[in-house]
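A.B. asks: One file is attached below, upload17.txt, containing compact mmCIF, C-alpha atoms.
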# COMPACT_ATOMS: atom_id res chain seq x y z
CA MET A 1 133.82 113.80 99.30
CA GLU A 2 133.66 110.08 99.99
CA ASP A 3 136.75 108.32 98.67
CA LEU A 4 135.66 105.23 96.75
CA LYS A 5 138.27 103.23 94.88
CA TRP A 6 137.27 102.50 91.30
CA CYS A 7 137.61 99.02 89.83
CA PRO A 8 136.33 97.44 86.57
CA SER A 9 133.39 95.88 88.43
CA SER A 10 132.35 99.12 90.17
CA TRP A 11 129.17 99.28 88.08
CA LYS A 12 127.92 96.21 89.95
CA LEU A 13 128.14 97.90 93.34
CA ARG A 14 125.69 100.68 92.73
CA PRO A 15 122.48 98.63 92.38
CA ALA A 16 123.27 96.71 95.58
CA ALA A 17 124.09 99.90 97.46
CA GLN A 18 120.85 101.53 96.30
CA ILE A 19 118.81 98.46 97.22
CA GLU A 20 120.40 98.42 100.68
CA ARG A 21 119.64 102.13 101.08
CA LEU A 22 116.01 101.46 100.20
CA ARG A 23 115.86 98.58 102.68
CA PHE A 24 116.94 100.87 105.51
CA GLN A 25 114.34 103.43 104.45
CA LEU A 26 111.66 100.72 104.41
CA ALA A 27 112.71 99.83 107.95
CA ALA A 28 111.89 103.44 108.85
CA VAL A 29 108.45 102.94 107.28
CA GLN A 30 107.99 99.88 109.49
CA ARG A 31 108.83 102.01 112.55
CA ASN A 32 106.30 104.68 111.45
CA GLU A 33 109.16 107.11 110.83
CA ALA A 34 108.46 107.48 107.09
CA PHE A 35 105.63 106.97 104.60
CA LEU A 36 105.86 104.93 101.38
CA LEU A 37 104.46 106.18 98.07
CA HIS A 38 104.38 103.43 95.42
CA ALA A 39 102.85 104.74 92.21
CA GLY A 40 102.79 104.67 88.42
CA ASP A 41 101.28 102.75 85.51
CA CYS A 42 99.59 99.36 85.74
CA ALA A 43 101.79 98.41 82.79
CA GLU A 44 104.24 100.54 80.83
CA SER A 45 104.37 100.52 77.05
CA PHE A 46 107.30 101.04 74.72
CA ASP A 47 105.41 103.79 72.87
CA ALA A 48 104.93 105.76 76.11
CA CYS A 49 108.67 105.83 76.82
CA THR A 50 109.00 109.53 75.98
CA GLN A 51 110.56 112.53 77.67
CA GLN A 52 107.16 114.16 78.14
CA ASN A 53 105.49 111.14 79.72
CA ILE A 54 108.36 110.29 82.06
CA SER A 55 108.68 113.90 83.22
CA ALA A 56 104.94 114.10 83.87
CA LYS A 57 104.98 110.88 85.90
CA ILE A 58 107.98 111.89 88.02
CA GLY A 59 106.57 115.38 88.48
CA LEU A 60 103.28 113.99 89.77
CA ILE A 61 105.06 111.64 92.21
CA LEU A 62 107.13 114.58 93.52
CA SER A 63 104.06 116.81 93.88
CA PHE A 64 102.12 114.05 95.63
CA SER A 65 104.97 113.39 98.06
CA LEU A 66 105.39 117.08 98.83
CA ILE A 67 101.73 117.31 99.86
CA LEU A 68 102.13 114.23 102.07
CA ILE A 69 105.25 115.63 103.75
CA TRP A 70 103.44 118.85 104.57
CA GLY A 71 100.54 117.07 106.27
CA GLY A 72 102.36 114.18 107.91
CA ARG A 73 105.70 115.83 108.75
CA LEU A 74 107.30 112.54 107.73
CA PRO A 75 109.82 111.78 104.98
CA VAL A 76 108.33 110.00 101.98
CA VAL A 77 109.98 107.00 100.34
CA ARG A 78 109.24 107.31 96.61
CA ILE A 79 109.04 104.15 94.50
CA GLY A 80 107.79 104.37 90.93
CA ARG A 81 106.11 101.61 88.92
CA ILE A 82 108.52 102.52 86.17
CA ALA A 83 111.55 101.42 84.14
CA GLY A 84 110.56 97.76 83.84
CA GLN A 85 106.80 97.37 84.38
CA TYR A 86 106.31 95.89 80.90
CA ALA A 87 104.72 92.55 81.81
CA LYS A 88 100.98 92.14 82.22
CA PRO A 89 99.35 89.36 84.29
CA ARG A 90 96.41 87.62 82.64
CA SER A 91 93.94 85.13 84.05
CA ASN A 92 93.33 83.38 80.71
CA ARG A 93 95.83 82.14 78.15
CA THR A 94 93.63 83.25 75.24
CA GLU A 95 90.85 85.75 74.56
CA ILE A 96 88.20 86.26 71.88
CA ILE A 97 88.58 89.35 69.66
CA ASP A 98 86.19 89.86 66.72
CA SER A 99 85.03 86.23 66.95
CA ARG A 100 88.63 85.03 66.76
CA GLU A 101 90.56 83.31 69.54
CA VAL A 102 94.02 84.79 70.00
CA LEU A 103 96.72 84.62 72.68
CA SER A 104 96.16 87.10 75.47
CA PHE A 105 98.25 90.27 75.48
CA ARG A 106 100.87 89.79 78.19
CA GLY A 107 102.70 93.11 77.94
CA ASP A 108 105.12 94.71 75.52
CA ASN A 109 108.01 92.52 76.66
CA VAL A 110 106.13 89.38 75.50
CA ASN A 111 103.80 90.18 72.59
CA GLY A 112 101.91 93.04 70.96
CA LEU A 113 98.56 94.64 71.76
CA ASP A 114 97.50 94.23 68.11
CA PRO A 115 95.58 90.92 67.78
CA ASN A 116 97.79 90.09 64.79
CA ASP A 117 100.95 90.48 66.90
CA ARG A 118 100.26 88.03 69.72
CA THR A 119 103.06 85.53 69.04
CA PRO A 120 105.60 85.78 71.91
CA ASP A 121 108.87 87.25 70.66
CA PRO A 122 112.11 86.95 72.70
CA GLU A 123 113.47 90.04 70.92
CA ARG A 124 110.93 92.03 72.94
CA LEU A 125 112.90 91.25 76.10
CA LEU A 126 115.90 93.06 74.63
CA SER A 127 113.64 95.98 73.72
CA ALA A 128 112.26 95.99 77.29
CA TYR A 129 115.81 96.13 78.63
CA PHE A 130 116.61 99.06 76.34
CA HIS A 131 113.46 101.01 77.27
CA SER A 132 113.97 100.32 80.98
CA THR A 133 117.57 101.53 80.81
CA ALA A 134 116.63 104.61 78.81
CA THR A 135 113.87 105.45 81.29
CA LEU A 136 116.13 104.98 84.31
CA ASN A 137 118.89 107.10 82.78
CA TYR A 138 116.42 109.88 81.97
CA VAL A 139 114.98 109.79 85.50
CA ARG A 140 118.48 110.02 86.97
CA GLY A 141 119.21 112.96 84.71
CA LEU A 142 116.03 114.72 85.81
CA LEU A 143 116.69 114.28 89.49
CA THR A 144 120.30 115.49 89.27
CA SER A 145 119.41 118.59 87.25
CA GLY A 146 117.29 120.41 89.82
CA PHE A 147 113.95 119.01 88.60
CA ALA A 148 113.01 118.07 92.18
CA SER A 149 113.82 121.49 93.61
CA LEU A 150 111.01 122.94 95.71
CA HIS A 151 111.69 126.28 94.05
CA HIS A 152 110.21 124.94 90.83
CA PRO A 153 106.53 125.88 91.05
CA ARG A 154 104.15 122.93 90.88
CA ASP A 155 100.80 123.18 89.13
CA TRP A 156 98.46 123.83 92.05
CA SER A 157 95.69 125.08 89.76
CA LEU A 158 92.34 124.19 91.29
CA SER A 159 90.19 125.25 88.35
CA HIS A 160 89.04 121.65 87.84
CA VAL A 161 87.47 121.44 91.32
CA ARG A 162 83.70 121.72 90.88
CA SER A 163 82.72 122.02 94.56
CA PRO A 164 83.32 125.45 96.17
CA ALA A 165 83.61 123.84 99.62
CA LEU A 166 86.21 121.36 98.38
CA ARG A 167 88.13 124.08 96.56
CA ASN A 168 88.26 126.02 99.82
CA GLU A 169 89.72 123.00 101.64
CA PHE A 170 92.36 122.49 98.93
CA GLU A 171 93.27 126.17 98.99
CA LYS A 172 93.97 125.95 102.73
CA ILE A 173 96.46 123.16 102.08
CA THR A 174 98.20 124.83 99.13
CA GLN A 175 98.44 128.08 101.07
CA GLY A 176 100.00 126.22 103.98
CA LEU A 177 102.52 124.64 101.65
CA SER A 178 103.40 128.01 100.12
CA ASP A 179 103.86 129.54 103.56
CA VAL A 180 106.24 126.77 104.63
CA LEU A 181 108.36 127.16 101.50
CA ASP A 182 108.45 130.94 101.89
CA PHE A 183 109.46 130.54 105.53
CA SER A 184 112.31 128.15 104.68
CA HIS A 185 113.57 130.68 102.14
CA THR A 186 113.35 133.57 104.61
CA ILE A 187 115.32 131.86 107.40
CA GLY A 188 118.05 130.81 104.98
CA ALA A 189 117.35 127.10 104.66
CA ASP A 190 118.09 127.55 100.97
CA SER A 191 120.93 130.06 101.28
CA GLY A 192 124.24 129.97 99.49
CA ARG A 193 124.61 128.29 96.12
CA GLU A 194 120.96 127.17 96.14
CA ASN A 195 120.03 130.73 95.25
CA VAL A 196 121.82 130.16 91.94
CA PRO A 197 119.94 127.97 89.45
CA PHE A 198 121.39 124.47 89.13
CA ASP A 199 121.99 124.85 85.41
CA GLN A 200 124.07 127.96 86.18
CA GLY A 201 126.38 126.23 88.62
CA GLY A 202 124.23 126.24 91.73
CA GLY A 203 124.02 123.30 94.10
CA ARG A 204 121.01 121.06 94.62
CA GLY A 205 121.03 121.39 98.39
CA VAL A 206 118.57 119.87 100.83
CA LEU A 207 115.53 121.24 99.00
CA GLY A 208 116.55 119.80 95.66
CA GLU A 209 117.68 116.27 96.43
CA VAL A 210 115.36 113.27 96.59
CA ASP A 211 115.76 109.53 96.49
CA PHE A 212 113.75 107.75 93.83
CA TYR A 213 113.49 104.00 93.33
CA THR A 214 112.14 101.80 90.55
CA SER A 215 109.89 98.75 90.79
CA HIS A 216 107.94 96.21 88.78
CA GLU A 217 105.98 93.02 89.31
CA GLY A 218 108.12 89.88 89.23
CA LEU A 219 106.08 87.94 86.69
CA MET A 220 108.81 86.46 84.47
CA LEU A 221 111.06 84.26 86.58
CA ASP A 222 113.61 83.51 83.84
CA TRP A 223 114.07 87.26 83.28
CA GLU A 224 114.46 87.98 86.99
CA GLN A 225 116.91 85.10 87.40
CA ALA A 226 119.04 86.44 84.55
CA MET A 227 119.14 89.87 86.22
CA THR A 228 120.23 88.50 89.61
CA ARG A 229 123.90 88.99 90.53
CA GLU A 230 126.15 88.02 93.42
CA VAL A 231 127.96 91.21 94.38
CA ASP A 232 130.01 92.63 97.21
CA ILE A 233 128.06 94.55 99.82
CA ILE A 234 129.85 97.84 100.45
CA GLU A 235 129.48 100.07 103.50
CA SER A 236 130.58 103.72 103.28
CA GLY A 237 134.31 104.16 103.63
CA SER A 238 135.00 100.45 104.10
CA SER A 239 136.07 97.41 102.15
CA PRO A 240 133.53 94.82 100.98
CA LYS A 241 131.90 93.28 104.04
CA GLU A 242 130.23 90.25 102.49
CA LYS A 243 128.63 89.00 99.32
CA GLY A 244 124.93 88.88 98.57
CA PHE A 245 122.52 88.09 95.74
CA TYR A 246 120.62 91.08 94.35
CA ASN A 247 118.06 91.30 91.58
CA THR A 248 119.41 94.28 89.65
CA SER A 249 116.38 94.67 87.35
CA ALA A 250 114.78 97.05 89.91
CA HIS A 251 115.21 98.37 93.41
CA PHE A 252 111.89 96.87 94.49
CA LEU A 253 110.01 93.82 93.19
CA TRP A 254 106.55 92.66 94.15
CA ILE A 255 104.32 89.69 93.49
CA GLY A 256 100.58 89.87 93.00
CA ASP A 257 97.82 88.27 95.03
CA ARG A 258 97.83 85.02 93.11
CA ARG A 259 98.05 81.44 94.33
CA ASP A 260 99.72 79.91 91.24
CA ASN A 261 103.29 78.89 92.06
CA TRP A 262 103.64 81.66 94.62
CA MET A 263 106.49 79.82 96.36
CA ALA A 264 108.69 80.48 93.33
CA HIS A 265 107.71 84.14 93.18
CA MET A 266 108.65 85.10 96.75
CA SER A 267 110.43 88.45 96.77
CA ASN A 268 110.80 91.34 99.19
CA ILE A 269 107.18 92.36 98.77
CA SER A 270 103.83 90.67 98.37
CA GLU A 271 100.23 91.68 97.81
CA VAL A 272 97.66 90.53 100.36
CA GLY A 273 94.05 89.98 99.33
CA PRO A 274 90.88 88.41 100.69
CA SER A 275 91.83 84.91 99.47
CA LEU A 276 94.93 84.79 101.70
CA GLU A 277 94.36 82.91 104.95
CA ASN A 278 96.09 84.08 108.14
CA ALA A 279 98.15 80.90 108.46
CA GLU A 280 99.28 81.13 104.82
CA LEU A 281 100.34 84.75 105.33
CA ILE A 282 102.52 83.81 108.31
CA ARG A 283 103.99 80.88 106.37
CA LEU A 284 104.85 83.31 103.56
CA LEU A 285 106.60 85.64 106.03
CA GLN A 286 108.59 82.76 107.49
CA ILE A 287 109.82 81.79 104.02
CA VAL A 288 110.70 85.31 102.89
CA ASN A 289 112.14 86.57 106.15
CA PRO A 290 113.01 83.71 108.52
CA ASN A 291 115.37 85.90 110.58
CA LYS A 292 112.79 88.70 110.89
CA GLU A 293 115.10 91.35 109.44
CA SER A 294 113.82 94.92 109.39
CA GLY A 295 113.06 96.53 106.04
CA ARG A 296 112.79 93.23 104.19
CA VAL A 297 109.00 92.73 103.83
CA THR A 298 106.28 95.07 102.62
CA LEU A 299 102.67 93.88 102.53
CA ILE A 300 100.35 95.62 100.07
CA THR A 301 96.71 95.00 100.96
CA ARG A 302 94.12 94.94 98.17
CA TYR A 303 90.73 93.69 99.31
CA GLY A 304 88.10 95.96 97.76
CA ALA A 305 86.04 98.48 99.68
CA GLY A 306 83.33 95.91 100.40
CA LYS A 307 85.69 93.24 101.78
CA ILE A 308 88.38 95.11 103.70
CA GLY A 309 86.35 95.10 106.91
CA ASP A 310 86.14 91.30 106.83
CA HIS A 311 89.84 90.56 106.35
CA LEU A 312 92.33 93.33 107.22
CA ALA A 313 91.99 93.23 111.01
CA GLY A 314 92.61 89.47 111.06
CA HIS A 315 95.73 89.83 108.91
CA ILE A 316 97.04 92.63 111.14
CA GLU A 317 96.54 90.62 114.33
CA ALA A 318 98.15 87.51 112.79
CA VAL A 319 101.26 89.48 111.78
CA LYS A 320 101.47 91.21 115.17
CA SER A 321 101.31 87.83 116.93
CA SER A 322 104.09 86.47 114.70
CA ARG A 323 106.32 89.46 115.59
CA HIS A 324 107.39 89.77 111.96
CA PRO A 325 108.38 93.36 111.02
CA VAL A 326 106.39 94.50 107.98
CA ALA A 327 105.44 97.75 106.28
CA TRP A 328 101.67 97.90 105.68
CA VAL A 329 100.69 99.56 102.40
CA CYS A 330 97.18 100.05 101.02
CA ASP A 331 96.35 99.40 97.36
CA PRO A 332 92.80 100.80 97.03
CA MET A 333 92.77 100.32 93.25
CA HIS A 334 92.78 96.64 92.25
CA GLY A 335 89.88 95.45 94.37
CA ASN A 336 87.56 98.15 93.05
CA THR A 337 87.58 97.67 89.27
CA LEU A 338 84.31 97.56 87.33
CA THR A 339 82.99 97.79 83.78
CA SER A 340 80.97 100.87 82.88
CA SER A 341 77.70 100.71 80.93
CA SER A 342 79.65 102.01 77.94
CA GLY A 343 82.06 99.06 78.14
CA PHE A 344 85.11 100.78 79.64
CA LYS A 345 87.09 99.12 82.42
CA THR A 346 87.04 101.75 85.15
CA ARG A 347 87.09 102.52 88.88
CA ASN A 348 84.98 104.84 91.00
CA PHE A 349 86.97 107.42 92.91
CA GLY A 350 84.57 107.36 95.85
CA THR A 351 85.07 103.61 96.26
CA ILE A 352 88.85 103.98 96.02
CA ILE A 353 89.04 106.49 98.85
CA SER A 354 86.51 104.49 100.87
CA GLU A 355 88.90 101.52 100.96
CA LEU A 356 91.82 103.83 101.73
CA THR A 357 90.13 105.55 104.66
CA SER A 358 88.75 102.23 105.94
CA CYS A 359 92.30 100.89 105.88
CA ILE A 360 93.57 103.84 107.94
CA SER A 361 90.74 103.41 110.48
CA ILE A 362 91.15 99.64 110.85
CA HIS A 363 94.89 99.97 111.42
CA ALA A 364 94.26 102.57 114.12
CA ALA A 365 91.66 100.34 115.80
CA CYS A 366 94.16 97.44 115.82
CA GLY A 367 96.96 99.51 117.33
CA SER A 368 98.75 99.52 113.98
CA ARG A 369 99.43 102.24 111.43
CA LEU A 370 99.19 102.43 107.66
CA GLY A 371 102.70 102.89 106.31
CA GLY A 372 102.06 103.72 102.69
CA VAL A 373 99.83 103.74 99.63
CA SER A 374 100.15 101.99 96.25
CA LEU A 375 98.36 103.74 93.40
CA GLU A 376 98.00 103.39 89.66
CA PHE A 377 98.14 106.96 88.36
CA THR A 378 99.54 109.04 85.56
CA GLY A 379 100.40 112.68 85.04
CA GLU A 380 100.01 112.40 81.25
CA LEU A 381 98.49 115.41 79.52
CA ASN A 382 97.67 115.84 75.85
CA ASP A 383 98.83 118.79 73.76
CA GLU A 384 95.85 120.84 74.96
CA GLY A 385 96.73 120.11 78.60
CA PHE A 386 93.90 117.65 79.33
CA SER A 387 94.36 114.61 81.58
CA VAL A 388 93.37 111.03 80.83
CA THR A 389 89.77 110.02 81.58
CA GLU A 390 89.85 106.49 82.98
CA CYS A 391 88.43 106.64 86.53
CA LEU A 392 85.05 108.06 87.53
CA GLY A 393 84.49 110.90 89.99
CA GLY A 394 86.96 112.92 92.00
CA SER A 395 86.93 116.69 92.40
CA MET A 396 86.44 117.07 88.63
CA GLU A 397 83.34 114.80 88.85
CA LEU A 398 84.26 112.73 85.80
CA SER A 399 81.15 110.98 84.44
CA GLU A 400 80.67 107.76 82.46
CA GLU A 401 79.91 109.81 79.36
CA GLN A 402 83.39 111.38 79.62
CA LEU A 403 85.40 108.14 79.89
CA GLY A 404 85.89 107.93 76.13
CA LEU A 405 87.38 111.43 75.81
CA ARG A 406 90.97 110.40 76.67
CA TYR A 407 90.94 106.75 77.71
CA GLN A 408 94.58 105.78 77.07
CA SER A 409 95.32 102.74 79.26
CA PHE A 410 95.69 99.34 77.59
CA CYS A 411 95.71 97.67 81.00
CA ASP A 412 93.95 98.92 84.15
CA PRO A 413 92.35 102.38 84.57
CA ARG A 414 94.54 104.99 86.27
CA LEU A 415 93.82 108.05 88.35
CA ASN A 416 94.60 111.17 86.35
CA PHE A 417 96.61 114.18 87.50
CA GLU A 418 93.71 115.90 89.24
CA GLN A 419 92.33 112.75 90.87
CA SER A 420 95.80 111.82 92.12
CA LEU A 421 96.21 115.14 93.87
CA ASP A 422 92.74 114.64 95.36
CA VAL A 423 94.09 111.52 97.08
CA ALA A 424 97.24 113.37 98.18
CA PHE A 425 95.17 116.17 99.74
CA LEU A 426 92.95 113.61 101.49
CA ILE A 427 95.85 111.70 103.09
CA SER A 428 97.73 114.90 103.94
CA ASN A 429 94.69 116.41 105.60
CA TYR A 430 94.11 113.24 107.64
CA PHE A 431 97.70 113.22 108.89
CA LYS A 432 97.54 116.93 109.73
CA GLU A 433 94.36 116.44 111.77
CA GLU A 434 95.94 113.44 113.48
CA ARG A 435 99.00 115.49 114.44
CA LEU A 436 96.85 118.31 115.79
CA GLY A 437 94.54 115.96 117.67
CA ASP A 438 91.50 116.88 115.58
CA LYS A 439 89.10 113.94 115.46
CA GLY A 440 86.34 115.80 113.64
CA GLU A 441 84.72 115.03 110.28
CA ASN A 442 87.15 115.06 107.36
CA ASN A 443 85.54 117.58 105.00
CA ILE A 444 87.69 116.56 102.05
CA TYR A 445 86.68 112.91 102.32
CA ALA A 446 82.98 113.73 102.36
CA ALA A 447 83.25 116.23 99.50
CA LEU A 448 85.11 113.75 97.29
CA GLY A 449 82.29 111.23 97.49
CA GLY A 450 83.63 108.80 100.08
CA ARG A 451 81.14 106.62 101.86
CA LYS A 452 80.50 107.04 105.55
CA ILE A 453 82.51 104.42 107.44
CA VAL A 454 80.58 102.43 110.03
CA SER A 455 82.87 101.13 112.75
Do you think you could lay out the structure here as structure tokens?

C.D. replies:
Amino acid sequence: MEDLKWCPSSWKLRPAAQIERLRFQLAAVQRNEAFLLHAGDCAESFDACTQQNISAKIGLILSFSLILIWGGRLPVVRIGRIAGQYAKPRSNRTEIIDSREVLSFRGDNVNGLDPNDRTPDPERLLSAYFHSTATLNYVRGLLTSGFASLHHPRDWSLSHVRSPALRNEFEKITQGLSDVLDFSHTIGADSGRENVPFDQGGGRGVLGEVDFYTSHEGLMLDWEQAMTREVDIIESGSSPKEKGFYNTSAHFLWIGDRRDNWMAHMSNISEVGPSLENAELIRLLQIVNPNKESGRVTLITRYGAGKIGDHLAGHIEAVKSSRHPVAWVCDPMHGNTLTSSSGFKTRNFGTIISELTSCISIHAACGSRLGGVSLEFTGELNDEGFSVTECLGGSMELSEEQLGLRYQSFCDPRLNFEQSLDVAFLISNYFKEERLGDKGENNIYAALGGRKIVS
């Protein structure tokens, strides 16, 4: 076991060490040696900080990543929008509710969703810290108790899939996954103490250990400044090498595609949208990463299915010319939001996967490669086992009339459990066909309602 000397300030070393570990894994994403999954709620709420909800979210992220690993044969870097995503960006300072002008809801760490609770309250920041810490501690407990073991059966039920052809495609993938796990068991990849359950003294082993990182949007600069520490950077088995400043509020911070005071918000990640000019993007990279260090910058693109063809290729070529190392990640959610005829803020699943597959194709045409995906999804189920109903379509063919059944989000609409796995199967199948040299029609994409891409 690694011999690390304890000191009173040892608690400070762990966040920096974990952030450095993530940076090296992001460098692997930049080299196309790993794939990034960034997923979770648009905005967390204090009320949703429960054992059931956290377990469902982590379980969905693990299931999603397992499907990706099977198809891509690449490790997956898992980053959750969790344990701190309590702020909510708003375009307007106020809004009209029941003919009354009130301050806009800016997230549980600022004010309340109730129109009568819109006065900003600093005490909410302390509550946000408590809920973030409680969530992180629970996640750590889950992942060190065998929760991530591949021997725990995932819910691969396909009863929600309406299309027989699509169900057949999904069954091929789940059968392949089952065969791989059975094979690993047969050849002894999980021999020894792994055969004993973790809670009975067994080890976690290679099939039960995963890295998991937290993230949130850096909206509140005073909060992020207060959480920034200068700490010693430790390498394994050595004394402190140097000091560095680390924001310890999360492993991974990002800023949205917004032009207001973006210089102050520069972090290790940024969102790239249609309003960002090529020259401004390169200027941003020069500010954030002047020495062109690997693993430091991740660009999340969010154009909208109708605009990605006009902007992504130019951004890719500009970054390639600058020789800045970046990880390219697709956010197919934010540019595709609409309001249904019944008044619900929603997204169409077919449009979401259209932007995603367009992104993959444009990267390939530019000699680049998509390195990850950023999704707003949830694994929440009610007591009867039903998912939320916030996005239209998918294999369950959710209709506008069904949006009101379990619309739970107070921010942006999220993919539910079934729709999330639809996306996982789609990406996994694409990567499998790419590995095998199959350039034929992707049956899953067509069956899920994606539009035909014209190149």

A.B. asks: So which one's closest to Val288 of chain A, A:Pro325, A:Pro120, A:Pro274, A:Gly367? Using only C-alpha atoms, please.

C.D. replies: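 The closest residue to Val288 of chain A is A:Pro325.
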
A.B. asks: One decimal, in Å: what's the spacing between atom CA of Ile96 of chain A and atom CA of His216 of chain A?

C.D. replies: 27.8 Å

A.B. asks: In Å, with one decimal, what is the gap from atom CA of Val272 of chain A to atom CA of Ala56 of chain A?

C.D. replies: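 Atom-to-atom, atom CA of Val272 of chain A and atom CA of Ala56 of chain A are spaced 29.7 Å apart.
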
A.B. asks: Counting all atoms listed in the file, which residue out of A:Gln51, A:Asn168, A:Thr301, A:Asn291 sits closest to Asn137 of chain A?

C.D. replies: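 Checking each of A:Gln51, A:Asn168, A:Thr301, A:Asn291 against Asn137 of chain A, counting all atoms listed in the file, the winner is A:Gln51.
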
A.B. asks: Write out as an NGL selection string which residues come within 12 Å of Thr339 of chain A when counting all atoms listed in the file, dropping same-chain ones fewer than 6 positions away.

C.D. replies: :A and (345-348 or 390-392 or 400 or 403 or 412-413)

A.B. asks: For atom CA of Ala424 of chain A and atom CA of Gly371 of chain A, quote the distance in Å rounded to one decimal.

C.D. replies: 14.3 Å

A.B. asks: So that I can see what lies close to Arg406 of chain A, please list as a compact mmCIF listing (two decimals) with C-alpha atoms, in the frame of the given file the residues with an atom at most 12 Å from it, counting all atoms listed in the file and leaving out residues fewer than 5 positions away in the same chain.

C.D. replies:
# COMPACT_ATOMS: atom_id res chain seq x y z
CA PHE A 344 85.11 100.78 79.64
CA GLU A 380 100.01 112.40 81.25
CA LEU A 381 98.49 115.41 79.52
CA ASN A 382 97.67 115.84 75.85
CA ASP A 383 98.83 118.79 73.76
CA GLU A 384 95.85 120.84 74.96
CA GLY A 385 96.73 120.11 78.60
CA PHE A 386 93.90 117.65 79.33
CA SER A 387 94.36 114.61 81.58
CA VAL A 388 93.37 111.03 80.83
CA THR A 389 89.77 110.02 81.58
CA GLU A 390 89.85 106.49 82.98
CA CYS A 391 88.43 106.64 86.53
CA LEU A 398 84.26 112.73 85.80
CA GLU A 401 79.91 109.81 79.36
CA PRO A 413 92.35 102.38 84.57
CA ARG A 414 94.54 104.99 86.27
CA ASN A 416 94.60 111.17 86.35

A.B. asks: With only C-alpha atoms as the basis for distance, which of A:Ser322, A:Gln419, A:Ser215, A:Gln25 is at the shortest distance from Gly84 of chain A?

C.D. replies: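 Counting only C-alpha atoms, the residue closest to Gly84 of chain A is A:Ser215.
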
A.B. asks: Smallest atom-to-atom distance to Gln85 of chain A: which of A:Asp257, A:Asp211, A:Glu169, A:Asp41, using all atoms listed in the file?

C.D. replies: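 Smallest distance to Gln85 of chain A is found for A:Asp41.
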
A.B. asks: Which of these residues is nearest to Ala250 of chain A, using all atoms listed in the file: A:Arg369, A:Arg435, A:Arg81, A:His38?

C.D. replies: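 Using all atoms listed in the file, the shortest distance to Ala250 of chain A belongs to A:Arg81.
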
A.B. asks: Can you tell me, as a PyMOL selection string, what residues are no more than 12 Å from Leu26 of chain A when counting all atoms listed in the file, ignoring any on the same chain fewer than 5 positions away?

C.D. replies: chain A and resi 19-21+31-38+75-79+213+251-252+268-269+293-299+325-329+371-372
